[in-house]
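Asker: Can you keep this structure in mind? I'll have questions shortly.
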Amino acid sequence: MADTISIASWNINSVRARLDIVERFLAEEGPDILCLQETKVVNDTFPAGLFRQYGYNHQMLNGQPMHHGVAIVSRIPIREDDRLDWQANGEARHIGVRLDNGVRLENVYVPAGGEEPDRTINPKFGQKLDFLERMIEWSSALSDKPTILTGDFNIAPLECDVWSHKALINTVSHTPVEIALLARLQASHDWVDLGRHFVPAPERLYTWWSYRARDWSESDRGRRLDHMWVSRSLADKAVSHRVVEPARGWARPSDHVPIITEFAF
DNA sequence: ATGTCGAGGATACCTCGA
């Protein structure tokens with residue numbers, strides 16, 4: 001008998017500022033496992049009780065003061081957490097666990113990269129590129145370990161992953177150099193991009209809309225920054241993949257919405 | 001592109017990062 005497990009990923013942009021919409025998401029969608037990015041909270045003040053109320057008794061946290069921070073909360077056992085610091089700069093951008101069936105789940109928050117797509121004048125952009133290079137090294141060494149890689153990659157690779165390819169070609173998140181690096185990362189483990197596995201190009205598929213739009217829904221200037229990738233051997237275990245777009249319209253939203261994949265292992 | 005969030009310092013707004 002197949003074991004069905006749903007796994008969600010959500011850049012929450014401060015988990016403490018989003019208690020109401022987190023609760024709504026848990027009540028309405030109730031994934032078995034939720035990967036969070038940008039928790040913006042140290043581990044001691046993570047709102048563990050709220051998640052426990054909804055049965056998420058397994059919690060693996062990698063927080064830091066003020067910025068970044070990732071977490072995996074789960075209703076089913078998760079073990080062997082590890083926290084990779086790819087750039088050895090102390091930033092909390094990764095947490096990985098192993099499920100009881102042996103599958104690894106890796107939750108990552110790739111650096112945003114600042115405004116200017118030029119590492120000589122914008123060190124943050126260089127940091128983003130270097131981070132991806134380290135991820136490629138890590139990914140290349142995974143060999144045949146069945147792995148799920150999810151999170152906020154901060155890159156929208158395809159033309160149909162942004163509202164306007166022309167307008168954003170020089171905007172960080174959609175520049176050719178970032179897209180080339182993401183393609184190398186994907187090739188390094190033959191990762192299957194479940195977003196496009198279930199919603200093939202050129203169909204519109206976004207997971208992020210800027211706070212700066214007057215009406216995010218009407219202008220619909222979205223980008224697909226959040227991803228769920230799996231090892232080739234896991235691709236046929238994924239039975240559905242959804243973007244919970246209405247969450248962008250909830251009160252006090254994150255600028256990202258959750259993605260949810262259901263697996264039949 | 002425009003111009004909106006959240007965190008946290010030392011406030012009754014500012015800077016930074018996104």
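Each chain in the structure tokens gets a letter, A, B and so on, in the order shown; residues start at 1 in every chain, and ligands are counted from 1 in the order they appear.
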Can you list every residue of chain B that has an atom at most 10 Å from stretch 64-79 of chain A, with its nearest atom pair and the distance in Å to one decimal, using only C-alpha atoms (C1' of nucleotides), ordered by chain then number, as JSON lines?
Answerer:
```
{"residue": "B:DG6", "atom": "C1'", "partner": "A:Met66", "partner_atom": "CA", "distance": 9.2}
{"residue": "B:DA7", "atom": "C1'", "partner": "A:Met66", "partner_atom": "CA", "distance": 5.7}
{"residue": "B:DG8", "atom": "C1'", "partner": "A:Met66", "partner_atom": "CA", "distance": 7.7}
{"residue": "B:DG17", "atom": "C1'", "partner": "A:His67", "partner_atom": "CA", "distance": 8.1}
{"residue": "B:DA18", "atom": "C1'", "partner": "A:His67", "partner_atom": "CA", "distance": 9.9}
```
Asker: Write a file of the just-selected residues containing C-alpha atoms (C1' of nucleotides), as a PDB file, in the first residue's frame.
Answerer:
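To be explicit, this is the file written out as result06.pdb:
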```pdb
ATOM      1  C1'  DG B   6       8.997  43.497   8.575  1.00  0.00           C
ATOM      2  C1'  DA B   7      12.715  43.858  12.088  1.00  0.00           C
ATOM      3  C1'  DG B   8      14.844  46.357  15.320  1.00  0.00           C
ATOM      4  C1'  DG B  17      16.928  43.988   3.393  1.00  0.00           C
ATOM      5  C1'  DA B  18      13.647  42.046   0.438  1.00  0.00           C
TER       6       DA B  18
END
```
Asker: Mind listing as a ChimeraX atom specification which residues of chain A are within 10 Å of chain B, counting only C-alpha atoms (C1' of nucleotides)?
Answerer: /A:13-14,17,40-41,65-68,111-115,167-168,210-214,252-255
Asker: Could those residues be written to a file, using C-alpha atoms, as a CSV table (one decimal), in the first residue's frame?
Answerer:
```csv
chain,number,residue,atom,x,y,z
A,13,ASN,CA,8.4,36.6,5.5
A,14,SER,CA,8.4,36.5,9.3
A,17,ALA,CA,4.0,38.4,11.8
A,40,LYS,CA,13.0,35.9,10.8
A,41,VAL,CA,13.1,34.5,14.3
A,65,PRO,CA,18.2,37.1,14.7
A,66,MET,CA,16.3,39.4,12.3
A,67,HIS,CA,16.9,37.9,8.8
A,68,HIS,CA,16.6,34.7,6.9
A,111,PRO,CA,20.0,34.8,-1.2
A,112,ALA,CA,17.8,37.4,-3.0
A,113,GLY,CA,20.9,39.1,-4.5
A,114,GLY,CA,20.1,42.8,-4.0
A,115,GLU,CA,19.1,45.2,-6.8
A,167,ALA,CA,10.9,43.8,-18.7
A,168,LEU,CA,12.8,41.6,-16.3
A,210,SER,CA,5.6,42.3,-5.0
A,211,TYR,CA,4.0,44.2,-2.1
A,212,ARG,CA,4.6,47.3,-4.2
A,213,ALA,CA,1.8,46.8,-6.7
A,214,ARG,CA,-1.4,48.7,-6.1
A,252,ARG,CA,-1.5,40.6,6.1
A,253,PRO,CA,0.0,38.2,3.5
A,254,SER,CA,3.5,37.1,2.8
A,255,ASP,CA,4.6,38.2,-0.7
```
Asker: Find the distance between atom CA of A:Gly63 and atom CA of A:Val110 and write it in Å to one decimal.
Answerer: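 Distance between the two atoms: 14.7 Å.
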Asker: Can you check which residues of stretch 130-233 of chain A DSSP gives as strand (DSSP E) on the backbone and send them as a CSV table (one decimal) with all heavy atoms, in the first residue's frame?
Answerer:
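Output below, filename result.csv:
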```csv
chain,number,residue,atom,x,y,z
A,147,THR,N,16.0,12.4,-3.2
A,147,THR,CA,16.0,13.7,-2.4
A,147,THR,C,15.0,14.7,-3.0
A,147,THR,O,14.7,14.7,-4.2
A,147,THR,CB,17.4,14.4,-2.5
A,147,THR,OG1,18.4,13.5,-2.1
A,147,THR,CG2,17.5,15.7,-1.8
A,148,ILE,N,14.4,15.4,-2.1
A,148,ILE,CA,13.5,16.5,-2.5
A,148,ILE,C,14.2,17.8,-2.1
A,148,ILE,O,14.6,18.0,-0.9
A,148,ILE,CB,12.1,16.4,-1.7
A,148,ILE,CG1,11.4,15.1,-2.0
A,148,ILE,CG2,11.2,17.6,-2.0
A,148,ILE,CD1,10.3,14.7,-1.0
A,149,LEU,N,14.3,18.7,-3.0
A,149,LEU,CA,14.9,20.0,-2.8
A,149,LEU,C,13.9,21.1,-3.1
A,149,LEU,O,13.4,21.2,-4.2
A,149,LEU,CB,16.1,20.2,-3.8
A,149,LEU,CG,16.8,21.5,-3.8
A,149,LEU,CD1,17.4,21.9,-2.4
A,149,LEU,CD2,17.9,21.6,-4.8
A,150,THR,N,13.5,21.8,-2.0
A,150,THR,CA,12.5,22.8,-2.1
A,150,THR,C,12.8,24.1,-1.4
A,150,THR,O,13.8,24.1,-0.7
A,150,THR,CB,11.1,22.2,-1.6
A,150,THR,OG1,10.1,23.1,-1.9
A,150,THR,CG2,11.2,22.1,-0.1
A,151,GLY,N,12.1,25.1,-1.7
A,151,GLY,CA,12.3,26.4,-1.0
A,151,GLY,C,12.2,27.6,-1.9
A,151,GLY,O,11.6,27.5,-3.0
A,152,ASP,N,12.7,28.7,-1.4
A,152,ASP,CA,12.7,29.9,-2.2
A,152,ASP,C,14.0,30.0,-2.9
A,152,ASP,O,15.0,30.3,-2.3
A,152,ASP,CB,12.5,31.1,-1.3
A,152,ASP,CG,12.5,32.4,-2.0
A,152,ASP,OD1,12.7,32.4,-3.2
A,152,ASP,OD2,12.5,33.5,-1.3
A,192,VAL,N,14.2,17.0,-11.3
A,192,VAL,CA,12.9,17.2,-12.0
A,192,VAL,C,12.2,18.4,-11.3
A,192,VAL,O,11.9,18.3,-10.1
A,192,VAL,CB,12.0,15.9,-11.9
A,192,VAL,CG1,10.7,16.2,-12.6
A,192,VAL,CG2,12.7,14.8,-12.6
A,193,ASP,N,11.9,19.4,-12.1
A,193,ASP,CA,11.2,20.6,-11.6
A,193,ASP,C,9.7,20.3,-11.6
A,193,ASP,O,9.0,20.3,-12.6
A,193,ASP,CB,11.5,21.7,-12.6
A,193,ASP,CG,10.6,23.0,-12.4
A,193,ASP,OD1,9.8,23.0,-11.4
A,193,ASP,OD2,10.8,23.9,-13.2
A,208,TRP,N,5.1,34.4,-6.4
A,208,TRP,CA,5.4,35.6,-5.7
A,208,TRP,C,4.9,36.8,-6.4
A,208,TRP,O,5.0,36.9,-7.7
A,208,TRP,CB,7.0,35.7,-5.6
A,208,TRP,CG,7.5,37.0,-5.0
A,208,TRP,CD1,7.8,37.2,-3.6
A,208,TRP,CD2,7.9,38.2,-5.7
A,208,TRP,NE1,8.2,38.5,-3.5
A,208,TRP,CE2,8.3,39.1,-4.7
A,208,TRP,CE3,7.8,38.6,-7.0
A,208,TRP,CZ2,8.7,40.4,-5.0
A,208,TRP,CZ3,8.2,39.9,-7.4
A,208,TRP,CH2,8.7,40.8,-6.4
A,209,TRP,N,4.4,37.8,-5.7
A,209,TRP,CA,3.9,39.1,-6.2
A,209,TRP,C,4.4,40.1,-5.3
A,209,TRP,O,4.2,40.1,-4.1
A,209,TRP,CB,2.4,39.1,-6.3
A,209,TRP,CG,1.8,38.2,-7.3
A,209,TRP,CD1,1.4,38.5,-8.6
A,209,TRP,CD2,1.5,36.8,-7.1
A,209,TRP,NE1,0.8,37.3,-9.2
A,209,TRP,CE2,0.9,36.3,-8.3
A,209,TRP,CE3,1.7,35.9,-6.1
A,209,TRP,CZ2,0.5,35.0,-8.5
A,209,TRP,CZ3,1.3,34.6,-6.2
A,209,TRP,CH2,0.7,34.1,-7.4
A,222,GLY,N,3.7,38.7,-11.5
A,222,GLY,CA,4.2,37.7,-10.6
A,222,GLY,C,5.5,37.1,-11.1
A,222,GLY,O,5.9,37.4,-12.3
A,223,ARG,N,6.1,36.3,-10.3
A,223,ARG,CA,7.3,35.5,-10.7
A,223,ARG,C,7.3,34.2,-10.0
A,223,ARG,O,6.7,34.1,-8.9
A,223,ARG,CB,8.6,36.2,-10.2
A,223,ARG,CG,8.8,37.6,-10.7
A,223,ARG,CD,10.1,38.3,-10.2
A,223,ARG,NE,10.0,39.7,-10.3
A,223,ARG,CZ,10.9,40.6,-9.7
A,223,ARG,NH1,11.9,40.1,-9.1
A,223,ARG,NH2,10.7,41.9,-9.8
A,226,ASP,N,9.6,30.1,-6.1
A,226,ASP,CA,9.6,29.0,-5.2
A,226,ASP,C,9.4,27.7,-6.0
A,226,ASP,O,8.6,27.6,-6.9
A,226,ASP,CB,8.4,29.2,-4.2
A,226,ASP,CG,8.6,30.5,-3.5
A,226,ASP,OD1,9.2,30.6,-2.4
A,226,ASP,OD2,8.0,31.6,-4.0
A,227,HIS,N,10.2,26.7,-5.6
A,227,HIS,CA,10.3,25.5,-6.4
A,227,HIS,C,10.3,24.3,-5.5
A,227,HIS,O,10.6,24.3,-4.3
A,227,HIS,CB,11.6,25.6,-7.2
A,227,HIS,CG,11.7,26.7,-8.1
A,227,HIS,ND1,11.3,26.7,-9.4
A,227,HIS,CD2,12.2,28.0,-7.9
A,227,HIS,CE1,11.5,27.9,-10.0
A,227,HIS,NE2,12.0,28.7,-9.1
A,228,MET,N,9.9,23.2,-6.2
A,228,MET,CA,9.9,21.8,-5.6
A,228,MET,C,10.6,20.9,-6.6
A,228,MET,O,10.0,20.7,-7.7
A,228,MET,CB,8.5,21.4,-5.3
A,228,MET,CG,8.4,20.0,-4.6
A,228,MET,SD,8.5,20.0,-2.8
A,228,MET,CE,7.1,20.9,-2.3
A,229,TRP,N,11.8,20.5,-6.3
A,229,TRP,CA,12.6,19.7,-7.3
A,229,TRP,C,12.7,18.3,-6.6
A,229,TRP,O,12.9,18.2,-5.4
A,229,TRP,CB,14.0,20.2,-7.5
A,229,TRP,CG,14.0,21.4,-8.4
A,229,TRP,CD1,13.0,22.1,-9.0
A,229,TRP,CD2,15.2,22.1,-8.9
A,229,TRP,NE1,13.5,23.2,-9.7
A,229,TRP,CE2,14.8,23.2,-9.7
A,229,TRP,CE3,16.6,21.9,-8.7
A,229,TRP,CZ2,15.8,24.0,-10.3
A,229,TRP,CZ3,17.5,22.7,-9.3
A,229,TRP,CH2,17.1,23.8,-10.1
A,230,VAL,N,12.8,17.3,-7.4
A,230,VAL,CA,13.0,15.9,-6.9
A,230,VAL,C,14.0,15.1,-7.8
A,230,VAL,O,14.1,15.4,-9.0
A,230,VAL,CB,11.7,15.1,-6.8
A,230,VAL,CG1,10.7,15.7,-5.8
A,230,VAL,CG2,11.0,14.9,-8.2
```
Asker: Please return as a ChimeraX atom specification: the residues of stretch 143-222 of chain A that backbone DSSP assigns to helix (DSSP H, G or I).
Answerer: /A:159-161,165-168,176-188,194-198,216-219
Asker: Near A:Asn11, within 6 Å and counting only C-alpha atoms (C1' of nucleotides), which residues show up once chain neighbours fewer than 3 positions away are dropped, as a list of chain:residue names?
Answerer: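 Answer for this query is A:Leu36, A:Gln37, A:Glu38, A:His256.
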Asker: Write the residues of the preceding selection, restricted to C-alpha atoms, as an mmCIF file, in the first residue's frame.
Answerer:
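Saved file part-v1.cif follows:
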```cif
data_model
loop_
_atom_site.group_PDB
_atom_site.id
_atom_site.type_symbol
_atom_site.label_atom_id
_atom_site.label_comp_id
_atom_site.auth_asym_id
_atom_site.auth_seq_id
_atom_site.Cartn_x
_atom_site.Cartn_y
_atom_site.Cartn_z
ATOM 1 C CA LEU A 36 9.287 27.551 5.854
ATOM 2 C CA GLN A 37 11.757 30.195 4.691
ATOM 3 C CA GLU A 38 12.409 33.689 6.034
ATOM 4 C CA HIS A 256 5.106 34.495 -1.461
#
```
Asker: Rounded to one decimal in Å, what is the spacing between atom CA of A:Thr175 and atom CA of A:Lys128?
Answerer: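 Distance reported for this atom pair: 12.2 Å.
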Asker: To one decimal in Å, tell me the separation between atom CA of A:Asp118 and atom CA of A:His94.
Answerer: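 Calculated distance between atom CA of A:Asp118 and atom CA of A:His94 is 24.9 Å.
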Asker: Could you pull the residues within 8 Å of A:Ile179, counting only C-alpha atoms (C1' of nucleotides), minus those fewer than 4 positions along the same chain, as a list in words?
Answerer: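 Contacts, in chain order: Ile155, Ala156, Pro157, His174, Thr175 and Ala183 of chain A.
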